[in-house]
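Below you'll find the structure, written out as structure tokens, and then a few comments.
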Amino acid sequence: EDCVNSMKAIFLISPSELVDTTDARKMFSTILQNSLDKMLGIDIASLSERLCHRERIMTTAGDGVARPHCYDPKLDHNIVLMTRFISPINWPTGSFDNKPVSAAFFILTKSDVMFRIKFGSRLERAIRQPTFDKHLSDADSFKKFSEAFCTQFMRDMKPSIESTEEVNTPSAHISKTICHEIKNHCFVIRSCVDEIITLTNANSNRKLNHAVKKLNQRIKSIIEIWELVNEKGNAT
């Protein structure tokens, strides 16, 4: 198991996993236990339950990748656990495009909304790249991608973190990040609406159902971001 550490987060790349997908809680517990068992103060049962609760609200799987995430006030650091499955699995809570999942990126934070949103946004952009699928093809390629992705992410984050600390206005920086993320979702939603109109006129029911699911996923993502903002505001 490889670990990329930073002042803001701990990144873990786990070996290829072979898991039982019939029970989401057991699956999450197995994956977390294999990677986090040596870290003090980590409550595997609590994290597994929080991840299950989040997945029951809305699946985070799609495009061959799952992005399970949760908050836990007991955590001392942000933790990102990247794992690749030996063979694609049927994600326990389903996927919005009905495709099997080849890898999962677990994003675990104490209450860091900005980190979760920024990492998730960068990950979505990476997944949409035409070359991403090849990184899921074997363990070595996935490891190299994960290491490079996390290193670049923290390098890009560092100036933002430092400038935020200097002016002591984290809320302004979070607001800018959230606006950028919502803007990205809105562009996709607009594209989905255009696609739905075209498919409706062409009477292509199968493709239409997929487009509607994709649109629904993006709308839910915006709602989720709004809920995260409210949660952060109530916490402060």
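Residue names in the structure tokens use chain letters A, B, ... in the order shown, residue numbers from 1 in each chain, and ligand numbers from 1 in the order shown.
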
**Message:** Residues within 8 Å of stretch 34-51 of chain A, please, as a list in words. Count only C-alpha atoms; anything in the same chain fewer than 6 positions from it doesn't count.
**Reply:**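 With the cut-off at 8 Å, the set is Glu1, Leu12, Ser14, Arg25, Lys26, Phe28, Pro68, His69, Cys70, Tyr71, Asp72, Lys74, Leu75 and Leu81 of chain A.
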
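Around A:Thr93, within 7 Å and counting only C-alpha atoms, the residues found are Glu55, Arg56 and Thr59 of chain A, once anything fewer than 5 positions away on its own chain is removed.
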
For N, CA, C and O atoms, I'd like the residues from the last selection saved as a compact mmCIF listing (two decimals), in the first residue's frame.
# COMPACT_ATOMS: atom_id res chain seq x y z
N GLU A 55 -24.72 6.80 0.46
CA GLU A 55 -25.02 6.06 -0.77
C GLU A 55 -26.51 5.75 -0.90
O GLU A 55 -27.03 5.68 -2.01
N ARG A 56 -27.18 5.58 0.25
CA ARG A 56 -28.63 5.31 0.19
C ARG A 56 -29.39 6.54 -0.29
O ARG A 56 -30.45 6.41 -0.91
N THR A 59 -26.69 7.21 -5.24
CA THR A 59 -25.46 6.53 -5.59
C THR A 59 -24.42 7.52 -6.10
O THR A 59 -24.76 8.54 -6.72

Selection: 12 Å around A:Ala126, only C-alpha atoms, excl. self and same-chain fewer than 5 positions, as a short mmCIF file (atom, residue, chain, number, x, y, z; two decimals) with N, CA, C and O atoms, in the first residue's frame:
data_model
loop_
_atom_site.label_atom_id
_atom_site.label_comp_id
_atom_site.auth_asym_id
_atom_site.auth_seq_id
_atom_site.Cartn_x
_atom_site.Cartn_y
_atom_site.Cartn_z
N ASP A 63 -19.89 6.06 -14.84
CA ASP A 63 -18.71 6.14 -15.72
C ASP A 63 -17.62 5.17 -15.28
O ASP A 63 -16.43 5.45 -15.47
N VAL A 65 -16.69 4.46 -12.26
CA VAL A 65 -16.00 4.89 -11.04
C VAL A 65 -17.03 5.27 -9.98
O VAL A 65 -18.06 5.87 -10.29
N PHE A 119 -11.67 18.41 -4.68
CA PHE A 119 -11.15 17.12 -5.10
C PHE A 119 -12.15 16.43 -6.03
O PHE A 119 -11.76 15.87 -7.06
N GLY A 120 -13.42 16.48 -5.65
CA GLY A 120 -14.44 15.86 -6.48
C GLY A 120 -14.52 16.49 -7.86
O GLY A 120 -14.68 15.78 -8.87
N SER A 121 -14.39 17.81 -7.93
CA SER A 121 -14.44 18.51 -9.21
C SER A 121 -13.27 18.12 -10.10
O SER A 121 -13.45 17.85 -11.29
N THR A 131 -8.52 9.45 -22.17
CA THR A 131 -7.46 8.50 -21.79
C THR A 131 -7.70 7.85 -20.42
O THR A 131 -6.90 6.99 -20.01
N PHE A 132 -8.77 8.24 -19.72
CA PHE A 132 -8.94 7.75 -18.35
C PHE A 132 -9.16 6.24 -18.29
O PHE A 132 -8.65 5.58 -17.38
N ASP A 133 -9.91 5.69 -19.21
CA ASP A 133 -10.23 4.26 -19.16
C ASP A 133 -8.98 3.38 -19.11
O ASP A 133 -8.98 2.33 -18.46
N HIS A 135 -6.33 3.91 -17.56
CA HIS A 135 -5.78 3.88 -16.20
C HIS A 135 -6.49 2.84 -15.33
O HIS A 135 -5.97 2.45 -14.29
N PHE A 145 -1.47 6.70 -12.14
CA PHE A 145 -2.44 7.79 -12.31
C PHE A 145 -2.79 8.41 -10.96
O PHE A 145 -2.80 9.63 -10.81
N SER A 146 -3.08 7.57 -9.97
CA SER A 146 -3.50 8.05 -8.65
C SER A 146 -2.40 8.88 -8.00
O SER A 146 -2.67 9.95 -7.43
N ALA A 148 0.10 10.52 -9.48
CA ALA A 148 0.29 11.77 -10.21
C ALA A 148 -0.88 12.73 -9.98
O ALA A 148 -0.69 13.93 -9.79
N PHE A 149 -2.09 12.18 -9.95
CA PHE A 149 -3.29 13.00 -9.76
C PHE A 149 -3.26 13.70 -8.40
O PHE A 149 -3.50 14.90 -8.29
N CYS A 150 -2.97 12.92 -7.34
CA CYS A 150 -2.97 13.49 -5.99
C CYS A 150 -1.83 14.48 -5.78
O CYS A 150 -2.01 15.52 -5.14
N GLN A 152 -0.41 16.35 -8.09
CA GLN A 152 -0.76 17.58 -8.81
C GLN A 152 -1.88 18.33 -8.10
O GLN A 152 -1.87 19.56 -8.03
N PHE A 153 -2.84 17.58 -7.55
CA PHE A 153 -3.95 18.22 -6.84
C PHE A 153 -3.45 19.04 -5.66
O PHE A 153 -3.84 20.19 -5.48
#

Write out as a JSON list (two decimals) with N, CA, C and O atoms, in the first residue's frame each polymer residue whose atoms come within 10 Å of A:Ile57, counting only C-alpha atoms; drop sequence neighbours fewer than 3 positions from it.
[["chain", "number", "residue", "atom", "x", "y", "z"],
["A", 52, "CYS", "N", -22.59, 4.34, 3.92],
["A", 52, "CYS", "CA", -23.84, 3.67, 3.52],
["A", 52, "CYS", "C", -25.00, 4.65, 3.51],
["A", 52, "CYS", "O", -25.83, 4.65, 2.60],
["A", 53, "HIS", "N", -25.06, 5.48, 4.54],
["A", 53, "HIS", "CA", -26.14, 6.48, 4.63],
["A", 53, "HIS", "C", -26.09, 7.41, 3.43],
["A", 53, "HIS", "O", -27.13, 7.71, 2.81],
["A", 54, "ARG", "N", -24.89, 7.85, 3.07],
["A", 54, "ARG", "CA", -24.74, 8.75, 1.92],
["A", 54, "ARG", "C", -25.12, 8.05, 0.62],
["A", 54, "ARG", "O", -25.81, 8.63, -0.24],
["A", 60, "THR", "N", -23.17, 7.22, -5.86],
["A", 60, "THR", "CA", -22.08, 8.06, -6.36],
["A", 60, "THR", "C", -21.34, 7.37, -7.50],
["A", 60, "THR", "O", -20.28, 7.83, -7.92],
["A", 93, "THR", "N", -25.18, 0.06, -4.43],
["A", 93, "THR", "CA", -26.34, 0.95, -4.53],
["A", 93, "THR", "C", -26.65, 1.32, -5.98],
["A", 93, "THR", "O", -27.41, 2.25, -6.23],
["A", 220, "LYS", "N", -29.15, 16.51, -8.77],
["A", 220, "LYS", "CA", -28.94, 16.04, -7.40],
["A", 220, "LYS", "C", -27.58, 16.51, -6.87],
["A", 220, "LYS", "O", -27.45, 16.80, -5.68]]

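Atom pair atom CA of A:Trp91 / atom CA of A:Ala61 has a distance of 7.0 Å (rounded to one decimal).
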
**Asked** Any idea what's packed within 12 Å of A:Ser137, counting only C-alpha atoms, ignoring anything in its chain fewer than 5 positions away? Could you give it as a list in words?
**Response** Ser16, Gly64, Arg84, Phe85, Ile86, Ser87, Pro88, Val101, Ser102, Ala103, Thr131, Phe132, Phe142, Lys143 and Phe145 of chain A

**Prompt:** Among stretch 11-186 of chain A, which ones does DSSP place in alpha helix (DSSP H), written as a VMD selection string?
**Reply:** chain A and resid 24 to 36 44 to 57 113 to 127 132 to 135 139 to 167 170 to 186

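Shortest separation to A:Ala104 among A:Arg155, A:Lys144, A:Arg67, A:His210 occurs at residue A:Arg67, atoms counted being only C-alpha atoms.
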
**Prompt:** In Å, with one decimal, what is the gap from atom CA of A:Lys134 to atom CA of A:Phe106?
**Reply:**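 Separation between atom CA of A:Lys134 and atom CA of A:Phe106: 20.4 Å.
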
**Prompt:** Can you list every residue in stretch 76-146 of chain A that DSSP puts in strand (DSSP E or B), as a PyMOL selection string?
**Reply:** chain A and resi 78-89+101-109

Hey, can you spit out that residue selection with C-alpha atoms as a JSON list (two decimals), in the first residue's frame?
[["chain", "number", "residue", "atom", "x", "y", "z"],
["A", 78, "ASN", "CA", -8.86, 14.57, 5.21],
["A", 79, "ILE", "CA", -8.41, 11.06, 3.82],
["A", 80, "VAL", "CA", -8.67, 9.94, 0.20],
["A", 81, "LEU", "CA", -8.57, 6.20, -0.38],
["A", 82, "MET", "CA", -8.19, 5.09, -3.98],
["A", 83, "THR", "CA", -8.86, 1.43, -4.77],
["A", 84, "ARG", "CA", -9.13, -0.56, -7.96],
["A", 85, "PHE", "CA", -11.15, -3.78, -8.14],
["A", 86, "ILE", "CA", -9.64, -6.92, -9.61],
["A", 87, "SER", "CA", -12.59, -7.08, -11.98],
["A", 88, "PRO", "CA", -15.47, -4.59, -12.47],
["A", 89, "ILE", "CA", -18.21, -4.95, -9.86],
["A", 101, "VAL", "CA", -17.50, -0.06, -11.40],
["A", 102, "SER", "CA", -13.76, -0.60, -11.86],
["A", 103, "ALA", "CA", -12.45, 1.73, -9.15],
["A", 104, "ALA", "CA", -13.57, 3.75, -6.15],
["A", 105, "PHE", "CA", -12.30, 7.00, -4.67],
["A", 106, "PHE", "CA", -13.32, 7.30, -1.00],
["A", 107, "ILE", "CA", -13.28, 10.92, 0.19],
["A", 108, "LEU", "CA", -13.42, 11.14, 3.99],
["A", 109, "THR", "CA", -13.25, 14.50, 5.75]]

**Request:** Kindly give the distance, in Å, that separates atom CA of A:Met58 and atom CA of A:Ser111, rounded to a single decimal.
**Result:**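 According to the coordinates, atom CA of A:Met58 and atom CA of A:Ser111 are separated by 19.8 Å.
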
**Asked** Which one is closest to A:Phe96: A:Leu32, A:Leu136, A:Ala24, A:Ala66? Count only C-alpha atoms.
**Response**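 Nearest candidate to A:Phe96 out of A:Leu32, A:Leu136, A:Ala24, A:Ala66: A:Ala66.
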